[in-house]
$ cat query-v2.pdb   # PDB, C-alpha atoms, pLDDT in the B column
MODEL        1
ATOM      1  CA  MET X   1     -20.148   3.165   2.368  1.00 44.00           C
ATOM      2  CA  SER X   2     -16.939   4.545   0.956  1.00 47.00           C
ATOM      3  CA  THR X   3     -15.023   6.439   3.617  1.00 45.00           C
ATOM      4  CA  ARG X   4     -12.705   9.372   2.852  1.00 43.00           C
ATOM      5  CA  PHE X   5      -9.609   9.296   5.041  1.00 41.00           C
ATOM      6  CA  LEU X   6      -7.829  12.147   6.760  1.00 36.00           C
ATOM      7  CA  LYS X   7      -6.892  15.219   4.772  1.00 34.00           C
ATOM      8  CA  PRO X   8      -3.268  15.386   3.601  1.00 36.00           C
ATOM      9  CA  PHE X   9      -0.710  17.243   5.724  1.00 30.00           C
ATOM     10  CA  VAL X  10      -2.604  16.832   9.007  1.00 30.00           C
ATOM     11  CA  VAL X  11      -2.281  14.158  11.647  1.00 30.00           C
ATOM     12  CA  ALA X  12      -3.823  14.281  15.130  1.00 29.00           C
ATOM     13  CA  GLY X  13      -4.956  17.835  14.395  1.00 29.00           C
ATOM     14  CA  THR X  14      -1.439  19.186  13.899  1.00 26.00           C
ATOM     15  CA  ALA X  15       0.003  20.513  10.647  1.00 28.00           C
ATOM     16  CA  LEU X  16       3.145  18.709   9.525  1.00 30.00           C
ATOM     17  CA  VAL X  17       6.329  20.419   8.385  1.00 30.00           C
ATOM     18  CA  LEU X  18       7.129  19.350   4.825  1.00 32.00           C
ATOM     19  CA  PHE X  19      10.620  18.714   3.542  1.00 33.00           C
ATOM     20  CA  PRO X  20      11.503  19.427  -0.115  1.00 40.00           C
ATOM     21  CA  SER X  21      13.780  16.383  -0.198  1.00 51.00           C
ATOM     22  CA  CYS X  22      10.986  14.207   1.200  1.00 65.00           C
ATOM     23  CA  GLU X  23      13.043  13.154   4.214  1.00 50.00           C
ATOM     24  CA  GLY X  24      10.131  11.037   5.442  1.00 44.00           C
ATOM     25  CA  LEU X  25      11.215   8.373   2.978  1.00 42.00           C
ATOM     26  CA  LEU X  26      14.223   7.542   5.101  1.00 35.00           C
ATOM     27  CA  SER X  27      13.526   4.715   7.512  1.00 37.00           C
ATOM     28  CA  GLY X  28      13.362   5.833  11.128  1.00 38.00           C
ATOM     29  CA  THR X  29      13.226   9.571  10.445  1.00 32.00           C
ATOM     30  CA  TYR X  30       9.611   9.895  11.554  1.00 34.00           C
ATOM     31  CA  ASP X  31       7.311   8.393  14.167  1.00 39.00           C
ATOM     32  CA  ILE X  32       4.630   5.954  13.080  1.00 41.00           C
ATOM     33  CA  PRO X  33       1.263   7.173  14.398  1.00 42.00           C
ATOM     34  CA  GLU X  34       0.259   5.484  17.640  1.00 44.00           C
ATOM     35  CA  ALA X  35      -3.497   5.928  17.208  1.00 42.00           C
ATOM     36  CA  SER X  36      -5.107   3.614  14.659  1.00 42.00           C
ATOM     37  CA  SER X  37      -7.622   6.334  13.747  1.00 48.00           C
ATOM     38  CA  ASP X  38      -4.912   8.601  12.340  1.00 62.00           C
ATOM     39  CA  TYR X  39      -4.564   7.245   8.841  1.00 79.00           C
ATOM     40  CA  GLY X  40      -4.423   8.471   5.275  1.00 90.00           C
ATOM     41  CA  PHE X  41      -1.788  10.481   3.432  1.00 91.00           C
ATOM     42  CA  ILE X  42      -0.132  11.745   6.598  1.00 84.00           C
ATOM     43  CA  ARG X  43       3.003  13.277   5.116  1.00 75.00           C
ATOM     44  CA  THR X  44       3.298  14.531   1.558  1.00 78.00           C
ATOM     45  CA  GLU X  45       5.483  16.851  -0.484  1.00 79.00           C
ATOM     46  CA  THR X  46       3.669  17.909  -3.629  1.00 74.00           C
ATOM     47  CA  LEU X  47       6.668  19.593  -5.268  1.00 69.00           C
ATOM     48  CA  VAL X  48       8.421  16.262  -5.661  1.00 71.00           C
ATOM     49  CA  ASP X  49       5.303  14.068  -5.380  1.00 90.00           C
ATOM     50  CA  CYS X  50       6.377  11.862  -2.514  1.00 91.00           C
ATOM     51  CA  GLY X  51       5.376  11.092   1.023  1.00 94.00           C
ATOM     52  CA  THR X  52       4.036   8.572   3.519  1.00 95.00           C
ATOM     53  CA  VAL X  53       0.681   6.792   3.674  1.00 95.00           C
ATOM     54  CA  TYR X  54      -0.731   5.174   6.824  1.00 95.00           C
ATOM     55  CA  ILE X  55      -3.752   2.942   6.185  1.00 95.00           C
ATOM     56  CA  ASN X  56      -6.043   0.568   8.045  1.00 94.00           C
ATOM     57  CA  SER X  57      -6.096  -2.624   5.974  1.00 94.00           C
ATOM     58  CA  SER X  58      -7.144  -4.887   8.834  1.00 91.00           C
ATOM     59  CA  GLN X  59     -10.643  -5.655   7.520  1.00 92.00           C
ATOM     60  CA  TYR X  60     -11.164  -8.631   5.206  1.00 92.00           C
ATOM     61  CA  THR X  61     -14.292  -6.975   3.809  1.00 94.00           C
ATOM     62  CA  HIS X  62     -12.548  -3.858   2.466  1.00 95.00           C
ATOM     63  CA  TRP X  63     -10.156  -2.681  -0.205  1.00 96.00           C
ATOM     64  CA  VAL X  64      -8.229   0.527   0.537  1.00 96.00           C
ATOM     65  CA  TYR X  65      -7.753   2.503  -2.685  1.00 97.00           C
ATOM     66  CA  LEU X  66      -4.770   4.882  -2.961  1.00 97.00           C
ATOM     67  CA  ASP X  67      -4.489   7.777  -5.394  1.00 96.00           C
ATOM     68  CA  PHE X  68      -0.882   8.983  -5.214  1.00 96.00           C
ATOM     69  CA  LYS X  69      -1.357  11.899  -7.617  1.00 93.00           C
ATOM     70  CA  ASN X  70      -4.091  13.520  -5.516  1.00 93.00           C
ATOM     71  CA  ALA X  71      -2.955  12.137  -2.130  1.00 93.00           C
ATOM     72  CA  GLU X  72      -6.314  10.523  -1.436  1.00 94.00           C
ATOM     73  CA  ALA X  73      -7.350   7.195   0.095  1.00 94.00           C
ATOM     74  CA  ASP X  74     -10.744   5.494   0.187  1.00 95.00           C
ATOM     75  CA  SER X  75     -11.962   2.410   2.047  1.00 94.00           C
ATOM     76  CA  VAL X  76     -14.452   0.450  -0.070  1.00 95.00           C
ATOM     77  CA  ASN X  77     -16.606  -2.399   1.226  1.00 95.00           C
ATOM     78  CA  ILE X  78     -16.320  -5.451  -1.038  1.00 92.00           C
ATOM     79  CA  VAL X  79     -19.384  -7.266   0.306  1.00 88.00           C
ATOM     80  CA  SER X  80     -21.822  -4.370   0.030  1.00 90.00           C
ATOM     81  CA  GLY X  81     -20.573  -3.446  -3.444  1.00 85.00           C
ATOM     82  CA  ASP X  82     -19.546   0.147  -2.770  1.00 89.00           C
ATOM     83  CA  PRO X  83     -18.677   2.207  -5.871  1.00 92.00           C
ATOM     84  CA  LEU X  84     -14.966   2.569  -6.573  1.00 94.00           C
ATOM     85  CA  PRO X  85     -13.220   5.961  -6.418  1.00 96.00           C
ATOM     86  CA  GLU X  86     -12.964   7.697  -9.782  1.00 95.00           C
ATOM     87  CA  THR X  87      -9.158   7.746  -9.735  1.00 96.00           C
ATOM     88  CA  TRP X  88      -6.755   5.382  -7.992  1.00 98.00           C
ATOM     89  CA  ASP X  89      -3.358   3.767  -8.519  1.00 98.00           C
ATOM     90  CA  ILE X  90      -3.213   0.749  -6.200  1.00 98.00           C
ATOM     91  CA  ALA X  91      -5.558  -0.907  -3.741  1.00 98.00           C
ATOM     92  CA  VAL X  92      -4.739  -2.940  -0.631  1.00 98.00           C
ATOM     93  CA  HIS X  93      -6.832  -5.736   0.872  1.00 96.00           C
ATOM     94  CA  ARG X  94      -5.217  -6.924   4.094  1.00 93.00           C
ATOM     95  CA  TYR X  95      -1.771  -7.316   2.486  1.00 95.00           C
ATOM     96  CA  ASP X  96      -3.011  -8.294  -0.980  1.00 97.00           C
ATOM     97  CA  THR X  97      -2.696  -5.692  -3.708  1.00 98.00           C
ATOM     98  CA  LYS X  98      -4.016  -4.797  -7.143  1.00 98.00           C
ATOM     99  CA  THR X  99      -3.330  -1.973  -9.599  1.00 98.00           C
ATOM    100  CA  ASN X 100      -5.586   0.123 -11.799  1.00 98.00           C
ATOM    101  CA  GLY X 101      -4.427  -1.355 -15.081  1.00 98.00           C
ATOM    102  CA  GLY X 102      -0.770  -0.990 -14.116  1.00 98.00           C
ATOM    103  CA  SER X 103       2.117  -3.349 -13.436  1.00 98.00           C
ATOM    104  CA  VAL X 104       4.807  -3.718 -10.762  1.00 98.00           C
ATOM    105  CA  ALA X 105       8.477  -4.714 -10.579  1.00 98.00           C
ATOM    106  CA  MET X 106      10.590  -5.383  -7.492  1.00 98.00           C
ATOM    107  CA  THR X 107      14.053  -3.814  -7.296  1.00 98.00           C
ATOM    108  CA  SER X 108      17.110  -4.828  -5.287  1.00 98.00           C
ATOM    109  CA  TYR X 109      17.126  -1.465  -3.488  1.00 98.00           C
ATOM    110  CA  THR X 110      15.874  -1.032   0.087  1.00 98.00           C
ATOM    111  CA  ASP X 111      15.791   2.785   0.080  1.00 97.00           C
ATOM    112  CA  ILE X 112      13.710   4.880  -2.329  1.00 97.00           C
ATOM    113  CA  GLU X 113      16.134   7.777  -2.517  1.00 95.00           C
ATOM    114  CA  ALA X 114      19.028   5.396  -3.205  1.00 97.00           C
ATOM    115  CA  PHE X 115      16.975   3.794  -5.976  1.00 97.00           C
ATOM    116  CA  GLU X 116      16.189   7.184  -7.487  1.00 96.00           C
ATOM    117  CA  ASP X 117      19.828   8.297  -7.271  1.00 96.00           C
ATOM    118  CA  SER X 118      20.911   5.132  -9.113  1.00 96.00           C
ATOM    119  CA  GLY X 119      19.152   6.306 -12.254  1.00 95.00           C
ATOM    120  CA  THR X 120      18.143   2.718 -13.020  1.00 95.00           C
ATOM    121  CA  MET X 121      14.734   1.311 -13.840  1.00 97.00           C
ATOM    122  CA  PRO X 122      13.544  -2.305 -14.097  1.00 97.00           C
ATOM    123  CA  SER X 123      13.291  -3.585 -17.672  1.00 97.00           C
ATOM    124  CA  ASP X 124       9.896  -4.027 -19.317  1.00 96.00           C
ATOM    125  CA  GLY X 125      10.095  -7.769 -18.793  1.00 97.00           C
ATOM    126  CA  ASP X 126      10.394  -7.330 -15.029  1.00 98.00           C
ATOM    127  CA  PHE X 127       6.996  -5.665 -14.660  1.00 98.00           C
ATOM    128  CA  VAL X 128       4.156  -7.958 -13.590  1.00 98.00           C
ATOM    129  CA  ALA X 129       0.531  -7.173 -14.442  1.00 98.00           C
ATOM    130  CA  ASP X 130      -2.511  -8.113 -12.367  1.00 98.00           C
ATOM    131  CA  VAL X 131      -4.225 -11.465 -12.803  1.00 98.00           C
ATOM    132  CA  TRP X 132      -7.867 -12.374 -12.203  1.00 98.00           C
ATOM    133  CA  THR X 133      -8.328 -14.551  -9.119  1.00 97.00           C
ATOM    134  CA  GLU X 134     -11.166 -16.438  -7.458  1.00 96.00           C
ATOM    135  CA  ASP X 135      -9.394 -17.873  -4.406  1.00 94.00           C
ATOM    136  CA  VAL X 136      -7.012 -15.178  -3.140  1.00 94.00           C
ATOM    137  CA  ILE X 137      -9.058 -12.254  -1.805  1.00 95.00           C
ATOM    138  CA  ALA X 138     -10.579 -13.713   1.373  1.00 92.00           C
ATOM    139  CA  THR X 139     -13.632 -11.836   2.671  1.00 90.00           C
ATOM    140  CA  ASP X 140     -14.770 -14.158   5.479  1.00 86.00           C
ATOM    141  CA  MET X 141     -12.344 -16.196   7.575  1.00 73.00           C
ATOM    142  CA  SER X 142     -14.847 -17.237  10.267  1.00 73.00           C
ATOM    143  CA  GLY X 143     -15.035 -20.799   8.922  1.00 60.00           C
ATOM    144  CA  MET X 144     -11.303 -21.231   8.441  1.00 59.00           C
ATOM    145  CA  MET X 145     -10.962 -24.018  11.012  1.00 63.00           C
ATOM    146  CA  GLN X 146     -13.621 -26.007   9.113  1.00 62.00           C
ATOM    147  CA  GLY X 147     -11.941 -25.289   5.796  1.00 67.00           C
ATOM    148  CA  ASN X 148     -14.635 -22.817   4.737  1.00 74.00           C
ATOM    149  CA  ILE X 149     -13.232 -19.497   3.543  1.00 86.00           C
ATOM    150  CA  GLU X 150     -15.215 -17.062   1.422  1.00 90.00           C
ATOM    151  CA  TYR X 151     -13.398 -15.287  -1.407  1.00 92.00           C
ATOM    152  CA  ALA X 152     -14.177 -12.405  -3.727  1.00 94.00           C
ATOM    153  CA  GLU X 153     -13.381 -12.595  -7.424  1.00 95.00           C
ATOM    154  CA  ASP X 154     -11.018  -9.729  -8.198  1.00 96.00           C
ATOM    155  CA  TRP X 155      -7.740  -8.642  -9.733  1.00 97.00           C
ATOM    156  CA  TYR X 156      -4.510  -9.319  -7.837  1.00 98.00           C
ATOM    157  CA  ASN X 157      -0.898  -8.226  -8.291  1.00 98.00           C
ATOM    158  CA  ALA X 158       1.399 -11.016  -7.135  1.00 98.00           C
ATOM    159  CA  GLU X 159       4.560  -8.899  -7.442  1.00 98.00           C
ATOM    160  CA  LEU X 160       3.617  -6.001  -5.170  1.00 98.00           C
ATOM    161  CA  SER X 161       1.995  -8.469  -2.774  1.00 98.00           C
ATOM    162  CA  LYS X 162       5.491  -9.805  -2.115  1.00 98.00           C
ATOM    163  CA  TRP X 163       5.981  -6.803   0.193  1.00 98.00           C
ATOM    164  CA  LEU X 164       4.717  -8.994   3.043  1.00 97.00           C
ATOM    165  CA  ASP X 165       4.772 -12.791   3.246  1.00 95.00           C
ATOM    166  CA  VAL X 166       2.281 -14.332   5.673  1.00 91.00           C
ATOM    167  CA  ASP X 167       3.039 -17.973   6.428  1.00 88.00           C
ATOM    168  CA  THR X 168      -0.145 -19.566   7.791  1.00 80.00           C
ATOM    169  CA  SER X 169       1.302 -23.089   7.968  1.00 83.00           C
ATOM    170  CA  THR X 170       2.022 -22.412  11.640  1.00 82.00           C
ATOM    171  CA  MET X 171      -0.018 -20.720  14.340  1.00 82.00           C
ATOM    172  CA  PRO X 172       0.369 -17.918  14.987  1.00 85.00           C
ATOM    173  CA  PRO X 173       1.287 -17.019  11.388  1.00 85.00           C
ATOM    174  CA  ILE X 174       4.817 -15.862  10.614  1.00 92.00           C
ATOM    175  CA  TYR X 175       5.059 -12.407   9.029  1.00 94.00           C
ATOM    176  CA  THR X 176       8.114 -11.597   6.911  1.00 96.00           C
ATOM    177  CA  LYS X 177       8.308  -8.067   5.512  1.00 97.00           C
ATOM    178  CA  SER X 178      10.261  -7.289   2.376  1.00 97.00           C
ATOM    179  CA  ASP X 179      12.443  -4.188   2.623  1.00 97.00           C
ATOM    180  CA  ASN X 180      12.709  -3.932  -1.168  1.00 98.00           C
ATOM    181  CA  VAL X 181      11.562  -0.960  -3.188  1.00 98.00           C
ATOM    182  CA  PHE X 182       8.865  -1.785  -5.756  1.00 98.00           C
ATOM    183  CA  VAL X 183       8.141   0.252  -8.868  1.00 98.00           C
ATOM    184  CA  LEU X 184       4.550   0.761  -9.961  1.00 98.00           C
ATOM    185  CA  ARG X 185       4.082   1.581 -13.638  1.00 98.00           C
ATOM    186  CA  THR X 186       0.621   3.133 -13.924  1.00 98.00           C
ATOM    187  CA  SER X 187      -1.673   2.884 -16.936  1.00 97.00           C
ATOM    188  CA  ASP X 188      -0.926   6.523 -17.791  1.00 96.00           C
ATOM    189  CA  GLY X 189       2.847   5.979 -17.755  1.00 96.00           C
ATOM    190  CA  ARG X 190       3.875   7.275 -14.327  1.00 96.00           C
ATOM    191  CA  LYS X 191       6.560   5.414 -12.368  1.00 97.00           C
ATOM    192  CA  ILE X 192       6.026   5.369  -8.593  1.00 98.00           C
ATOM    193  CA  ALA X 193       8.539   3.841  -6.179  1.00 98.00           C
ATOM    194  CA  ILE X 194       6.802   2.119  -3.250  1.00 98.00           C
ATOM    195  CA  ARG X 195       8.194   0.611  -0.070  1.00 98.00           C
ATOM    196  CA  LEU X 196       6.375  -0.979   2.874  1.00 98.00           C
ATOM    197  CA  GLU X 197       7.790   0.551   6.032  1.00 96.00           C
ATOM    198  CA  ASN X 198       5.592  -1.262   8.548  1.00 96.00           C
ATOM    199  CA  TYR X 199       2.504  -3.486   8.754  1.00 96.00           C
ATOM    200  CA  MET X 200       1.570  -2.743  12.389  1.00 92.00           C
ATOM    201  CA  ASP X 201       0.496   0.307  14.355  1.00 88.00           C
ATOM    202  CA  GLY X 202       2.367   1.649  17.357  1.00 86.00           C
ATOM    203  CA  SER X 203       0.688  -0.875  19.663  1.00 88.00           C
ATOM    204  CA  GLY X 204       1.714  -3.835  17.492  1.00 90.00           C
ATOM    205  CA  THR X 205      -1.744  -4.430  15.978  1.00 89.00           C
ATOM    206  CA  LYS X 206      -1.327  -5.943  12.512  1.00 91.00           C
ATOM    207  CA  GLY X 207      -3.125  -4.554   9.483  1.00 92.00           C
ATOM    208  CA  TYR X 208      -2.076  -0.914   9.895  1.00 94.00           C
ATOM    209  CA  MET X 209       0.370  -0.275   7.085  1.00 96.00           C
ATOM    210  CA  THR X 210       2.897   2.526   6.648  1.00 96.00           C
ATOM    211  CA  ILE X 211       3.802   2.945   2.972  1.00 97.00           C
ATOM    212  CA  GLN X 212       6.482   5.219   1.519  1.00 97.00           C
ATOM    213  CA  TYR X 213       6.133   6.440  -2.067  1.00 97.00           C
ATOM    214  CA  LYS X 214       7.758   8.722  -4.596  1.00 96.00           C
ATOM    215  CA  THR X 215       7.059   9.452  -8.257  1.00 96.00           C
ATOM    216  CA  ILE X 216      10.242   8.850 -10.250  1.00 95.00           C
ATOM    217  CA  ALA X 217      10.922  11.298 -13.086  1.00 86.00           C
ATOM    218  CA  GLU X 218      12.639   9.855 -16.161  1.00 71.00           C
TER     219      GLU X 218
ENDMDL
END
$ encode --input "query-v2.pdb" --output "structure tokens"
Amino acid sequence: MSTRFLKPFVVAGTALVLFPSCEGLLSGTYDIPEASSDYGFIRTETLVDCGTVYINSSQYTHWVYLDFKNAEADSVNIVSGDPLPETWDIAVHRYDTKTNGGSVAMTSYTDIEAFEDSGTMPSDGDFVADVWTEDVIATDMSGMMQGNIEYAEDWYNAELSKWLDVDTSTMPPIYTKSDNVFVLRTSDGRKIAIRLENYMDGSGTKGYMTIQYKTIAE
């Protein structure tokens, strides 16, 4: 069943103070939620369309769909064939990503506000569209040691998925997070700057992702 996440502006039952300049985009200016149940669009500023998203992407059987315009997130079960949300911009499976007919470019900036202040935008040739895959989106890892991994056929965006490299050639795997700002170009022409702030919750459990975003006006 599709599961609607927490309502915007509320975390742990407490209303958040919003900042017109979207100060939550600055690394270290807010606390990452400790409880793994507190997830969704936890800090938003609708006047400038920016904020912070905290999602549980730990399950191999689910995509988490994010709608930045309406500040909504849905968890959809791949195996059971749940219906997709009507509107969404990107989806996250573990650390894999896909877009809703959009494309993504990585910038050299590591701060969204600095990127916005630069007034620059990646060229058309830098944007990477999704590709159809049959051996990327793993849904069952229980047979990994025997070389048996089950995959779902789905779209995949290799550019945005660079936000976290997981090297499984060693055990335990080595996680390397990119600090770069990525730009999502949606199918309806919006440009959204995205940066992965963290891929763990406050206890160090992997799969709980903190994502910063801001719509860039041109």
$ residues_around --input "query-v2.pdb" --residues "Glu153 (chain X)" --least-positions-apart "5" --cutoff "9 Å" --atoms "all atoms listed in the file" --output "mmCIF file with C-alpha atoms, keeping the file's coordinate frame"
data_model
loop_
_atom_site.group_PDB
_atom_site.id
_atom_site.type_symbol
_atom_site.label_atom_id
_atom_site.label_comp_id
_atom_site.auth_asym_id
_atom_site.auth_seq_id
_atom_site.Cartn_x
_atom_site.Cartn_y
_atom_site.Cartn_z
ATOM 1 C CA TRP X 132 -7.867 -12.374 -12.203
ATOM 2 C CA THR X 133 -8.328 -14.551 -9.119
ATOM 3 C CA GLU X 134 -11.166 -16.438 -7.458
ATOM 4 C CA ASP X 135 -9.394 -17.873 -4.406
ATOM 5 C CA VAL X 136 -7.012 -15.178 -3.140
ATOM 6 C CA ILE X 137 -9.058 -12.254 -1.805
#
$ closest_residue --input "query-v2.pdb" --among "X:Thr107, X:Thr97, X:Gln59, X:Thr87" --to "Leu160 (chain X)" --atoms "all atoms listed in the file"
X:Thr97
$ residues_around --input "query-v2.pdb" --residues "region 109-123 of chain X" --least-positions-apart "6" --cutoff "7 Å" --atoms "all atoms listed in the file" --output "ChimeraX atom specification"
/X:25,179-181,193,216
$ write_last_selection --input "query-v2.pdb" --atoms "C-alpha atoms" --output "PDB file, keeping the file's coordinate frame"
ATOM      1  CA  LEU X  25      11.215   8.373   2.978  1.00 42.00           C
ATOM      2  CA  ASP X 179      12.443  -4.188   2.623  1.00 97.00           C
ATOM      3  CA  ASN X 180      12.709  -3.932  -1.168  1.00 98.00           C
ATOM      4  CA  VAL X 181      11.562  -0.960  -3.188  1.00 98.00           C
ATOM      5  CA  ALA X 193       8.539   3.841  -6.179  1.00 98.00           C
ATOM      6  CA  ILE X 216      10.242   8.850 -10.250  1.00 95.00           C
TER       7      ILE X 216
END
$ atom_distance --input "query-v2.pdb" --atom1 "CA of Cys50 (chain X)" --atom2 "CA of Ile78 (chain X)"
28.6 Å
$ closest_residue --input "query-v2.pdb" --among "X:Tyr65, X:Arg190, X:Ala71, X:Val104" --to "Ala217 (chain X)" --atoms "all atoms listed in the file"
X:Arg190
$ atom_distance --input "query-v2.pdb" --atom1 "CA of Tyr95 (chain X)" --atom2 "CA of Met141 (chain X)"
14.7 Å
$ atom_distance --input "query-v2.pdb" --atom1 "CA of Pro172 (chain X)" --atom2 "CA of Ile90 (chain X)"
28.5 Å
$ closest_residue --input "query-v2.pdb" --among "X:Gly102, X:Gly207, X:Pro83, X:Gly125" --to "Lys191 (chain X)" --atoms "only C-alpha atoms"
X:Gly102
$ resolve_selection --input "query-v2.pdb" --expression "the PyMOL selection byres ((chain X and resi 105) around 6)" --output "MDAnalysis selection string"
chainID X and resid 104 106 126:127 182:183
$ resolve_selection --input "query-v2.pdb" --expression "the PyMOL selection byres ((chain X and resi 175) around 7)" --output "PyMOL selection string"
chain X and resi 164-167+173-174+176-177
$ residues_around --input "query-v2.pdb" --residues "Thr46 (chain X)" --least-positions-apart "2" --cutoff "9 Å" --atoms "only C-alpha atoms" --output "CSV table (one decimal) with C-alpha atoms, keeping the file's coordinate frame"
chain,number,residue,atom,x,y,z
X,20,PRO,CA,11.5,19.4,-0.1
X,44,THR,CA,3.3,14.5,1.6
X,48,VAL,CA,8.4,16.3,-5.7
X,49,ASP,CA,5.3,14.1,-5.4
X,50,CYS,CA,6.4,11.9,-2.5
X,51,GLY,CA,5.4,11.1,1.0
X,69,LYS,CA,-1.4,11.9,-7.6
X,71,ALA,CA,-3.0,12.1,-2.1
$ closest_residue --input "query-v2.pdb" --among "X:Lys206, X:Lys162, X:His62, X:Arg195" --to "Leu84 (chain X)" --atoms "all atoms listed in the file"
X:His62
$ closest_residue --input "query-v2.pdb" --among "X:Thr61, X:Asn100, X:Asn56, X:Asn148" --to "Gly81 (chain X)" --atoms "all atoms listed in the file"
X:Thr61
$ closest_residue --input "query-v2.pdb" --among "X:Thr168, X:Thr52, X:Asn157, X:Thr215" --to "Thr99 (chain X)" --atoms "all atoms listed in the file"
X:Asn157
